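To start, the structure under review is shown below, and the notes come after it.
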Amino acid sequence: MGYYKFRGDQLFDGYRFRENGEVLIMKEDGSFSDILSEADAGDDILNYSGIISPGFINCHCHLELSHMKDSIPQKTGLVHFVTQVIKNRHTREEELTKAMEAAEDEMINTGIVAVGDICNNTLTIPQKIKGRIRYHNFIEASGFAPAVADMRFQRALEIYKEYAQEFSDPPSSNSIVPHAPYSVSPELWEKIILFPGNQLLTIHNQETLAEDEFFLYKKGDFLDLYSTLNIDISFFEASGFSSLQTYLPRFLSNQQVILVHNVHTSQQDLQQLKQGRAKCRAYFCLCPNANLYITGQLPNLELLMAEGADIVLGTDSLASNQQLSILAEMQTIRRHFPSVPMEKLFVWATLNGAKALQMDNILGSFEAGKQPGVVLSNSDLSASRRLL
């Protein structure tokens, strides 16, 4: 078996930046071999300008919405955005197929090797079975009215079975998950949480202030959303706690949850989490470009870091983003939070993401037994491309 030898201006191994001049040795099949000094690496070294790292992990995407690029105006708020997605998500299968293939091409070309993808139908299966990217398929269930819990869960279960038939290796490559705290009834919550094998979940969390207003006081913009969708919420009583504090204790101790967006997650929320209010392991997924697109607001990243949150990155969908690039998300963070160390950004984009998707046995770092991919990024984060 032959080898590839990569040397860049910097080498990030998943944990840290290595000493200058070290050479990454990869086997032809894409598996990691070694990291050596230039003197010990021998001949045929491929030299590049920029940062060499493991492949990027996109912890939150909606591939099925790839046809919706530029179809929803920017900065109109989450409630308007959600209603427009519901209204415009359906299209001709030919158009959707073409858009999904282009979206996946973009992810591959910019260095993404694995995706946590939200699924409300089976339309992404033909693209995914090509095996170009590793996916964890999060089959989304929603239904805020208690009366529809059985029907909505059965619908999600039928979709889950179709994905499980195609993607059963590893067994944890599919889950049934709650869409958001404001769209899942207690009855539906219970069915999701207790579904056998549901150890890896995700949920849209605190993307807008209205979410907390609804759970604290039963007030705010979500009342308009329910009215527009003709959903009777007379059964609902405000918990008096934030959204996150209300629902997170429902997850089980053997479950891992990726919380997505976190724009209005507070210090109290994070401290409650640390004090054991939640039994599950939580990762905080940031999708800054989507946040700017929908509401023009960003999470309090300094707070998340100060409180020791496990941070990962996602792109959301082309309905709320101009591109599907983890590097572009890193760029945006760097622009708005220049004090964040470059090393942190790369940890979030690689090893943390692999851990969040429970793929760190094969992805996320340059270690024995892994096939993490090799990506070259410009030192100013202006561009990236896959090398292996």
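Note on naming: chains are A, B, ... as they come in the structure tokens, residues start from 1 per chain, ligands start from 1 in the order shown.
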
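Using only C-alpha atoms, the protein and nucleic acid residues lying no more than 7 Å from Leu376 in chain A, apart from those fewer than 6 places from it along its own chain, are A:Gly50, A:Ile51, A:Ile52, A:Ser53, A:Ser384, A:Arg385, A:Arg386, A:Leu387.
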
Keeping only C-alpha atoms, take the residues you just selected and write them out as a PDB file, in the first residue's frame.
ATOM      1  CA  GLY A  50      -2.117  26.857   4.635  1.00  0.00           C
ATOM      2  CA  ILE A  51      -3.503  24.706   7.457  1.00  0.00           C
ATOM      3  CA  ILE A  52      -3.837  20.930   7.100  1.00  0.00           C
ATOM      4  CA  SER A  53      -6.522  19.382   9.311  1.00  0.00           C
ATOM      5  CA  SER A 384     -10.699  25.252   1.976  1.00  0.00           C
ATOM      6  CA  ARG A 385     -10.541  22.088  -0.104  1.00  0.00           C
ATOM      7  CA  ARG A 386     -10.365  18.374   0.382  1.00  0.00           C
ATOM      8  CA  LEU A 387      -6.958  16.764  -0.209  1.00  0.00           C
TER       9      LEU A 387
END

Range 311-322 of chain A: which residues within 8 Å, counting only C-alpha atoms, same-chain residues fewer than 4 positions away excluded, as a PDB file with N, CA and C atoms, in the first residue's frame?
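around.pdb was written with the following content:
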ATOM      1  N   ILE A  57     -16.764  18.467  10.258  1.00  0.00           N
ATOM      2  CA  ILE A  57     -18.011  17.808  10.642  1.00  0.00           C
ATOM      3  C   ILE A  57     -19.126  18.850  10.699  1.00  0.00           C
ATOM      4  N   ASN A  58     -20.171  18.640   9.916  1.00  0.00           N
ATOM      5  CA  ASN A  58     -21.332  19.528   9.879  1.00  0.00           C
ATOM      6  C   ASN A  58     -22.428  18.899  10.740  1.00  0.00           C
ATOM      7  N   CYS A  59     -22.600  19.408  11.955  1.00  0.00           N
ATOM      8  CA  CYS A  59     -23.501  18.756  12.912  1.00  0.00           C
ATOM      9  C   CYS A  59     -24.970  19.099  12.721  1.00  0.00           C
ATOM     10  N   HIS A  60     -25.269  20.056  11.813  1.00  0.00           N
ATOM     11  CA  HIS A  60     -26.677  20.394  11.606  1.00  0.00           C
ATOM     12  C   HIS A  60     -26.909  20.893  10.187  1.00  0.00           C
ATOM     13  N   CYS A  61     -27.708  20.138   9.449  1.00  0.00           N
ATOM     14  CA  CYS A  61     -28.024  20.499   8.068  1.00  0.00           C
ATOM     15  C   CYS A  61     -29.432  20.007   7.738  1.00  0.00           C
ATOM     16  N   HIS A  62     -30.032  20.624   6.726  1.00  0.00           N
ATOM     17  CA  HIS A  62     -31.314  20.157   6.162  1.00  0.00           C
ATOM     18  C   HIS A  62     -31.085  19.987   4.661  1.00  0.00           C
ATOM     19  N   LEU A  63     -30.534  18.868   4.259  1.00  0.00           N
ATOM     20  CA  LEU A  63     -30.243  18.653   2.839  1.00  0.00           C
ATOM     21  C   LEU A  63     -31.518  18.727   2.003  1.00  0.00           C
ATOM     22  N   LEU A  65     -33.850  20.714   2.044  1.00  0.00           N
ATOM     23  CA  LEU A  65     -34.277  22.086   1.731  1.00  0.00           C
ATOM     24  C   LEU A  65     -33.315  22.789   0.767  1.00  0.00           C
ATOM     25  N   SER A  66     -32.466  22.028   0.109  1.00  0.00           N
ATOM     26  CA  SER A  66     -31.420  22.620  -0.732  1.00  0.00           C
ATOM     27  C   SER A  66     -31.970  23.430  -1.904  1.00  0.00           C
ATOM     28  N   HIS A  67     -33.198  23.162  -2.313  1.00  0.00           N
ATOM     29  CA  HIS A  67     -33.800  23.886  -3.441  1.00  0.00           C
ATOM     30  C   HIS A  67     -34.333  25.264  -3.037  1.00  0.00           C
ATOM     31  N   MET A  68     -34.253  25.611  -1.758  1.00  0.00           N
ATOM     32  CA  MET A  68     -34.891  26.833  -1.266  1.00  0.00           C
ATOM     33  C   MET A  68     -33.928  28.015  -1.122  1.00  0.00           C
ATOM     34  N   LYS A  69     -32.749  27.918  -1.716  1.00  0.00           N
ATOM     35  CA  LYS A  69     -31.792  29.016  -1.606  1.00  0.00           C
ATOM     36  C   LYS A  69     -32.377  30.315  -2.147  1.00  0.00           C
ATOM     37  N   ASP A  70     -32.263  31.388  -1.353  1.00  0.00           N
ATOM     38  CA  ASP A  70     -32.742  32.732  -1.703  1.00  0.00           C
ATOM     39  C   ASP A  70     -34.260  32.826  -1.866  1.00  0.00           C
ATOM     40  N   SER A  71     -34.992  31.839  -1.374  1.00  0.00           N
ATOM     41  CA  SER A  71     -36.451  31.876  -1.541  1.00  0.00           C
ATOM     42  C   SER A  71     -37.165  32.576  -0.383  1.00  0.00           C
ATOM     43  N   ILE A  72     -36.446  32.791   0.737  1.00  0.00           N
ATOM     44  CA  ILE A  72     -37.031  33.452   1.902  1.00  0.00           C
ATOM     45  C   ILE A  72     -36.221  34.703   2.206  1.00  0.00           C
ATOM     46  N   GLN A  74     -34.248  37.702   4.050  1.00  0.00           N
ATOM     47  CA  GLN A  74     -33.421  37.662   5.249  1.00  0.00           C
ATOM     48  C   GLN A  74     -33.975  38.560   6.355  1.00  0.00           C
ATOM     49  N   VAL A  85     -41.045  28.180   5.227  1.00  0.00           N
ATOM     50  CA  VAL A  85     -40.525  26.835   4.939  1.00  0.00           C
ATOM     51  C   VAL A  85     -41.684  25.853   4.769  1.00  0.00           C
ATOM     52  N   TYR A 283     -24.284  18.846  23.580  1.00  0.00           N
ATOM     53  CA  TYR A 283     -23.387  19.616  22.734  1.00  0.00           C
ATOM     54  C   TYR A 283     -24.153  20.824  22.201  1.00  0.00           C
ATOM     55  N   PHE A 284     -23.468  21.945  22.075  1.00  0.00           N
ATOM     56  CA  PHE A 284     -24.086  23.182  21.617  1.00  0.00           C
ATOM     57  C   PHE A 284     -23.609  23.464  20.192  1.00  0.00           C
ATOM     58  N   CYS A 285     -24.521  23.322  19.253  1.00  0.00           N
ATOM     59  CA  CYS A 285     -24.189  23.500  17.836  1.00  0.00           C
ATOM     60  C   CYS A 285     -24.490  24.933  17.404  1.00  0.00           C
ATOM     61  N   LEU A 286     -23.481  25.612  16.879  1.00  0.00           N
ATOM     62  CA  LEU A 286     -23.626  26.984  16.403  1.00  0.00           C
ATOM     63  C   LEU A 286     -23.751  26.997  14.886  1.00  0.00           C
ATOM     64  N   CYS A 287     -24.723  27.750  14.391  1.00  0.00           N
ATOM     65  CA  CYS A 287     -24.933  27.948  12.949  1.00  0.00           C
ATOM     66  C   CYS A 287     -25.005  29.464  12.707  1.00  0.00           C
ATOM     67  N   PRO A 288     -23.899  30.175  12.891  1.00  0.00           N
ATOM     68  CA  PRO A 288     -23.954  31.641  12.911  1.00  0.00           C
ATOM     69  C   PRO A 288     -24.472  32.272  11.629  1.00  0.00           C
ATOM     70  N   ASN A 289     -24.139  31.717  10.477  1.00  0.00           N
ATOM     71  CA  ASN A 289     -24.614  32.331   9.238  1.00  0.00           C
ATOM     72  C   ASN A 289     -26.132  32.226   9.105  1.00  0.00           C
ATOM     73  N   ALA A 290     -26.703  31.126   9.567  1.00  0.00           N
ATOM     74  CA  ALA A 290     -28.166  30.992   9.550  1.00  0.00           C
ATOM     75  C   ALA A 290     -28.812  31.950  10.542  1.00  0.00           C
ATOM     76  N   TYR A 293     -28.886  35.267   9.027  1.00  0.00           N
ATOM     77  CA  TYR A 293     -29.842  35.278   7.920  1.00  0.00           C
ATOM     78  C   TYR A 293     -31.276  35.440   8.443  1.00  0.00           C
ATOM     79  N   ILE A 294     -31.625  34.704   9.485  1.00  0.00           N
ATOM     80  CA  ILE A 294     -33.017  34.666   9.940  1.00  0.00           C
ATOM     81  C   ILE A 294     -33.363  35.832  10.863  1.00  0.00           C
ATOM     82  N   LEU A 304     -20.858  30.953  26.345  1.00  0.00           N
ATOM     83  CA  LEU A 304     -20.795  29.499  26.160  1.00  0.00           C
ATOM     84  C   LEU A 304     -19.404  28.975  26.482  1.00  0.00           C
ATOM     85  N   ILE A 326     -18.519  24.617   6.488  1.00  0.00           N
ATOM     86  CA  ILE A 326     -18.108  24.808   7.878  1.00  0.00           C
ATOM     87  C   ILE A 326     -17.046  25.888   7.968  1.00  0.00           C
ATOM     88  N   GLU A 329     -18.641  29.159   8.327  1.00  0.00           N
ATOM     89  CA  GLU A 329     -19.121  29.388   9.695  1.00  0.00           C
ATOM     90  C   GLU A 329     -17.959  29.814  10.597  1.00  0.00           C
ATOM     91  N   TRP A 348     -13.687  22.611  17.352  1.00  0.00           N
ATOM     92  CA  TRP A 348     -15.137  22.573  17.169  1.00  0.00           C
ATOM     93  C   TRP A 348     -15.517  21.968  15.812  1.00  0.00           C
ATOM     94  N   ALA A 349     -14.729  22.290  14.787  1.00  0.00           N
ATOM     95  CA  ALA A 349     -15.056  21.875  13.418  1.00  0.00           C
ATOM     96  C   ALA A 349     -14.674  20.430  13.122  1.00  0.00           C
ATOM     97  N   ASN A 352     -14.622  17.752  18.063  1.00  0.00           N
ATOM     98  CA  ASN A 352     -15.868  17.927  18.815  1.00  0.00           C
ATOM     99  C   ASN A 352     -17.080  17.505  17.997  1.00  0.00           C
ATOM    100  N   GLY A 353     -17.085  17.893  16.715  1.00  0.00           N
ATOM    101  CA  GLY A 353     -18.192  17.505  15.851  1.00  0.00           C
ATOM    102  C   GLY A 353     -18.305  16.002  15.703  1.00  0.00           C
ATOM    103  N   ALA A 356     -19.802  14.631  18.823  1.00  0.00           N
ATOM    104  CA  ALA A 356     -21.230  14.943  18.917  1.00  0.00           C
ATOM    105  C   ALA A 356     -22.060  13.986  18.067  1.00  0.00           C
TER     106      ALA A 356
END

What's around Val340 in chain A at 12 Å? Count only C-alpha atoms, leave out sequence neighbours fewer than 4 positions away in its own chain, and write the answer as a PDB file with C-alpha atoms, in the first residue's frame.
ATOM      1  CA  LEU A 301     -20.216  32.735  22.332  1.00  0.00           C
ATOM      2  CA  GLU A 302     -18.069  34.204  25.093  1.00  0.00           C
ATOM      3  CA  LEU A 303     -20.646  33.013  27.635  1.00  0.00           C
ATOM      4  CA  LEU A 304     -20.795  29.499  26.160  1.00  0.00           C
ATOM      5  CA  MET A 305     -17.020  29.260  26.290  1.00  0.00           C
ATOM      6  CA  ALA A 306     -16.780  30.702  29.824  1.00  0.00           C
ATOM      7  CA  MET A 330     -15.616  29.572  11.188  1.00  0.00           C
ATOM      8  CA  GLN A 331     -14.999  32.764   9.187  1.00  0.00           C
ATOM      9  CA  THR A 332     -18.137  34.369  10.588  1.00  0.00           C
ATOM     10  CA  ILE A 333     -17.211  33.438  14.152  1.00  0.00           C
ATOM     11  CA  ARG A 334     -13.729  34.826  13.597  1.00  0.00           C
ATOM     12  CA  ARG A 335     -15.183  38.083  12.265  1.00  0.00           C
ATOM     13  CA  HIS A 336     -17.649  38.629  15.112  1.00  0.00           C
ATOM     14  CA  LYS A 344     -10.636  26.314  19.304  1.00  0.00           C
ATOM     15  CA  LEU A 345     -12.330  26.834  15.952  1.00  0.00           C
ATOM     16  CA  PHE A 346     -10.627  23.788  14.497  1.00  0.00           C
ATOM     17  CA  VAL A 347     -11.452  21.633  17.536  1.00  0.00           C
ATOM     18  CA  TRP A 348     -15.137  22.573  17.169  1.00  0.00           C
TER      19      TRP A 348
END

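Minimum atom-to-atom distance to His204 in chain A, evaluated using only C-alpha atoms, belongs to A:Tyr247 out of A:Tyr160, A:Phe236, A:Tyr247, A:Tyr48.
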
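The interatomic distance for the pair CA of Ala238 in chain A and CA of Ala141 in chain A works out to 21.9 Å.
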
*Output as a PyMOL selection string all residues of range 18-150 of chain A that backbone DSSP marks as alpha helix (DSSP H).*
chain A and resi 38-41+78-88+93-109+125-128+149-150

Would you export the selected residues with N, CA and C atoms as an mmCIF file, in the first residue's frame, please?
data_model
loop_
_atom_site.group_PDB
_atom_site.id
_atom_site.type_symbol
_atom_site.label_atom_id
_atom_site.label_comp_id
_atom_site.auth_asym_id
_atom_site.auth_seq_id
_atom_site.Cartn_x
_atom_site.Cartn_y
_atom_site.Cartn_z
ATOM 1 N N GLU A 38 10.021 16.414 9.387
ATOM 2 C CA GLU A 38 10.377 16.448 7.961
ATOM 3 C C GLU A 38 11.616 15.606 7.690
ATOM 4 N N ALA A 39 12.548 15.585 8.615
ATOM 5 C CA ALA A 39 13.778 14.819 8.432
ATOM 6 C C ALA A 39 13.515 13.318 8.370
ATOM 7 N N ASP A 40 12.478 12.858 9.090
ATOM 8 C CA ASP A 40 12.174 11.428 9.138
ATOM 9 C C ASP A 40 11.137 10.992 8.110
ATOM 10 N N ALA A 41 10.529 11.948 7.421
ATOM 11 C CA ALA A 41 9.411 11.616 6.532
ATOM 12 C C ALA A 41 9.854 11.102 5.168
ATOM 13 N N LEU A 78 -37.884 34.337 13.073
ATOM 14 C CA LEU A 78 -38.056 32.885 13.009
ATOM 15 C C LEU A 78 -39.479 32.479 12.662
ATOM 16 N N VAL A 79 -40.462 33.142 13.236
ATOM 17 C CA VAL A 79 -41.848 32.742 12.978
ATOM 18 C C VAL A 79 -42.174 32.873 11.499
ATOM 19 N N HIS A 80 -41.790 33.980 10.875
ATOM 20 C CA HIS A 80 -42.012 34.152 9.436
ATOM 21 C C HIS A 80 -41.224 33.108 8.652
ATOM 22 N N PHE A 81 -40.000 32.855 9.066
ATOM 23 C CA PHE A 81 -39.163 31.875 8.375
ATOM 24 C C PHE A 81 -39.809 30.488 8.409
ATOM 25 N N VAL A 82 -40.266 30.061 9.583
ATOM 26 C CA VAL A 82 -40.874 28.733 9.728
ATOM 27 C C VAL A 82 -42.112 28.602 8.843
ATOM 28 N N THR A 83 -42.959 29.622 8.843
ATOM 29 C CA THR A 83 -44.179 29.547 8.016
ATOM 30 C C THR A 83 -43.838 29.497 6.536
ATOM 31 N N GLN A 84 -42.771 30.191 6.125
ATOM 32 C CA GLN A 84 -42.373 30.161 4.716
ATOM 33 C C GLN A 84 -41.785 28.806 4.324
ATOM 34 N N VAL A 85 -41.045 28.180 5.227
ATOM 35 C CA VAL A 85 -40.525 26.835 4.939
ATOM 36 C C VAL A 85 -41.684 25.853 4.769
ATOM 37 N N ILE A 86 -42.651 25.921 5.667
ATOM 38 C CA ILE A 86 -43.812 25.032 5.567
ATOM 39 C C ILE A 86 -44.542 25.250 4.244
ATOM 40 N N LYS A 87 -44.655 26.499 3.847
ATOM 41 C CA LYS A 87 -45.403 26.850 2.644
ATOM 42 C C LYS A 87 -44.662 26.467 1.362
ATOM 43 N N ASN A 88 -43.337 26.596 1.354
ATOM 44 C CA ASN A 88 -42.581 26.493 0.099
ATOM 45 C C ASN A 88 -41.646 25.297 -0.007
ATOM 46 N N GLU A 93 -39.564 16.748 -7.842
ATOM 47 C CA GLU A 93 -38.498 15.854 -7.396
ATOM 48 C C GLU A 93 -37.223 16.057 -8.214
ATOM 49 N N GLU A 94 -37.360 16.329 -9.491
ATOM 50 C CA GLU A 94 -36.191 16.547 -10.348
ATOM 51 C C GLU A 94 -35.398 17.766 -9.885
ATOM 52 N N GLU A 95 -36.103 18.835 -9.548
ATOM 53 C CA GLU A 95 -35.441 20.052 -9.074
ATOM 54 C C GLU A 95 -34.742 19.804 -7.739
ATOM 55 N N LEU A 96 -35.422 19.077 -6.844
ATOM 56 C CA LEU A 96 -34.848 18.792 -5.539
ATOM 57 C C LEU A 96 -33.615 17.906 -5.663
ATOM 58 N N THR A 97 -33.680 16.893 -6.502
ATOM 59 C CA THR A 97 -32.551 15.987 -6.693
ATOM 60 C C THR A 97 -31.321 16.741 -7.174
ATOM 61 N N LYS A 98 -31.506 17.627 -8.133
ATOM 62 C CA LYS A 98 -30.401 18.416 -8.665
ATOM 63 C C LYS A 98 -29.818 19.336 -7.590
ATOM 64 N N ALA A 99 -30.683 19.954 -6.803
ATOM 65 C CA ALA A 99 -30.232 20.877 -5.758
ATOM 66 C C ALA A 99 -29.480 20.132 -4.657
ATOM 67 N N MET A 100 -29.951 18.952 -4.275
ATOM 68 C CA MET A 100 -29.278 18.186 -3.225
ATOM 69 C C MET A 100 -27.907 17.717 -3.682
ATOM 70 N N GLU A 101 -27.798 17.294 -4.913
ATOM 71 C CA GLU A 101 -26.502 16.850 -5.422
ATOM 72 C C GLU A 101 -25.499 18.007 -5.431
ATOM 73 N N ALA A 102 -25.954 19.183 -5.865
ATOM 74 C CA ALA A 102 -25.075 20.359 -5.872
ATOM 75 C C ALA A 102 -24.670 20.742 -4.453
ATOM 76 N N ALA A 103 -25.610 20.642 -3.519
ATOM 77 C CA ALA A 103 -25.317 20.977 -2.125
ATOM 78 C C ALA A 103 -24.290 20.017 -1.543
ATOM 79 N N GLU A 104 -24.441 18.732 -1.833
ATOM 80 C CA GLU A 104 -23.477 17.759 -1.340
ATOM 81 C C GLU A 104 -22.114 17.959 -1.988
ATOM 82 N N ASP A 105 -22.098 18.284 -3.275
ATOM 83 C CA ASP A 105 -20.832 18.610 -3.951
ATOM 84 C C ASP A 105 -20.112 19.738 -3.214
ATOM 85 N N GLU A 106 -20.860 20.770 -2.856
ATOM 86 C CA GLU A 106 -20.269 21.910 -2.166
ATOM 87 C C GLU A 106 -19.683 21.497 -0.824
ATOM 88 N N MET A 107 -20.410 20.682 -0.073
ATOM 89 C CA MET A 107 -19.906 20.241 1.222
ATOM 90 C C MET A 107 -18.617 19.439 1.058
ATOM 91 N N ILE A 108 -18.594 18.531 0.097
ATOM 92 C CA ILE A 108 -17.399 17.718 -0.128
ATOM 93 C C ILE A 108 -16.223 18.590 -0.544
ATOM 94 N N ASN A 109 -16.467 19.498 -1.471
ATOM 95 C CA ASN A 109 -15.390 20.329 -2.006
ATOM 96 C C ASN A 109 -14.771 21.249 -0.962
ATOM 97 N N ILE A 125 -32.615 10.001 0.512
ATOM 98 C CA ILE A 125 -32.004 8.666 0.496
ATOM 99 C C ILE A 125 -31.223 8.397 -0.789
ATOM 100 N N PRO A 126 -31.791 8.650 -2.000
ATOM 101 C CA PRO A 126 -31.030 8.353 -3.214
ATOM 102 C C PRO A 126 -29.685 9.066 -3.286
ATOM 103 N N GLN A 127 -29.598 10.276 -2.750
ATOM 104 C CA GLN A 127 -28.322 10.993 -2.747
ATOM 105 C C GLN A 127 -27.364 10.389 -1.725
ATOM 106 N N LYS A 128 -27.882 10.045 -0.574
ATOM 107 C CA LYS A 128 -27.026 9.574 0.513
ATOM 108 C C LYS A 128 -26.468 8.179 0.270
ATOM 109 N N ALA A 149 -50.310 13.127 18.470
ATOM 110 C CA ALA A 149 -49.037 12.516 18.855
ATOM 111 C C ALA A 149 -48.846 11.138 18.232
ATOM 112 N N ASP A 150 -49.858 10.274 18.333
ATOM 113 C CA ASP A 150 -49.739 8.920 17.774
ATOM 114 C C ASP A 150 -49.499 8.964 16.270
#

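Take the candidates A:Thr110, A:Ser142, A:Thr124, A:Asn20 and check each one against Gln323 in chain A using only C-alpha atoms; the shortest distance goes to A:Thr110.
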
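Coordinates place CA of Leu248 in chain A at a distance of 19.3 Å from CA of Pro146 in chain A.
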
*What does the distance between CA of Ser325 in chain A and CA of Glu343 in chain A come to in Å, to one decimal place?*
18.1 Å

_Those in range 84-167 of chain A with strand (DSSP E or B) from DSSP, as a PyMOL selection string_ = chain A and resi 112-119+134-141+143

How about saving the chosen residues, C-alpha atoms kept, as a compact mmCIF listing (two decimals), in the first residue's frame?
# COMPACT_ATOMS: atom_id res chain seq x y z
CA ILE A 112 -16.99 18.30 5.05
CA VAL A 113 -16.79 14.53 5.66
CA ALA A 114 -19.81 13.94 7.92
CA VAL A 115 -23.22 15.53 8.43
CA GLY A 116 -25.97 15.40 11.02
CA ASP A 117 -28.95 15.79 8.68
CA ILE A 118 -32.55 16.60 9.56
CA CYS A 119 -35.06 14.47 7.63
CA ARG A 134 -21.16 9.95 6.23
CA TYR A 135 -24.59 10.92 7.57
CA HIS A 136 -26.44 10.57 10.81
CA ASN A 137 -30.08 10.86 9.80
CA PHE A 138 -32.19 12.69 12.37
CA ILE A 139 -35.81 11.81 11.54
CA GLU A 140 -37.75 14.81 12.76
CA ALA A 141 -41.08 14.50 14.55
CA GLY A 143 -46.89 18.00 16.50

Using only C-alpha atoms, find each residue in range 144-200 of chain A having at least one atom no more than 12 Å away from range 218-226 of chain A; report its shortest atom-to-atom pair and that distance in Å (one decimal), rows by chain then rising number, as a tab-separated table.
residue	atom	partner	partner_atom	distance
A:Phe144	CA	A:Tyr226	CA	9.1
A:Ala145	CA	A:Tyr226	CA	10.1
A:Pro181	CA	A:Phe222	CA	11.6
A:Tyr182	CA	A:Phe222	CA	8.1
A:Ser183	CA	A:Tyr226	CA	9.5

Based on the selection just made, write C-alpha atoms of those residues as a PDB file, in the first residue's frame.
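What landed in out38.pdb:
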ATOM      1  CA  PHE A 144     -47.824  20.337  19.320  1.00  0.00           C
ATOM      2  CA  ALA A 145     -51.426  19.181  19.677  1.00  0.00           C
ATOM      3  CA  PRO A 181     -39.658  22.451  22.193  1.00  0.00           C
ATOM      4  CA  TYR A 182     -42.494  24.614  20.861  1.00  0.00           C
ATOM      5  CA  SER A 183     -43.599  22.000  18.305  1.00  0.00           C
TER       6      SER A 183
END

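Of the listed residues (A:Phe251, A:Phe241, A:Phe17, A:Phe235), A:Phe241 comes nearest to Asp269 in chain A; the distances count only C-alpha atoms.
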
*Spatial neighbours of Gly30 in chain A, 9 Å, only C-alpha atoms, chain gap at least 2 places, as a ChimeraX atom specification*: /A:4,26-28,32,370-374,388

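By chain and then residue number, the residues within 8 Å of Tyr15 in chain A are Phe12, Val347, Leu351 and Ser365 of chain A, counting only C-alpha atoms and disregarding those fewer than 3 positions away in sequence.
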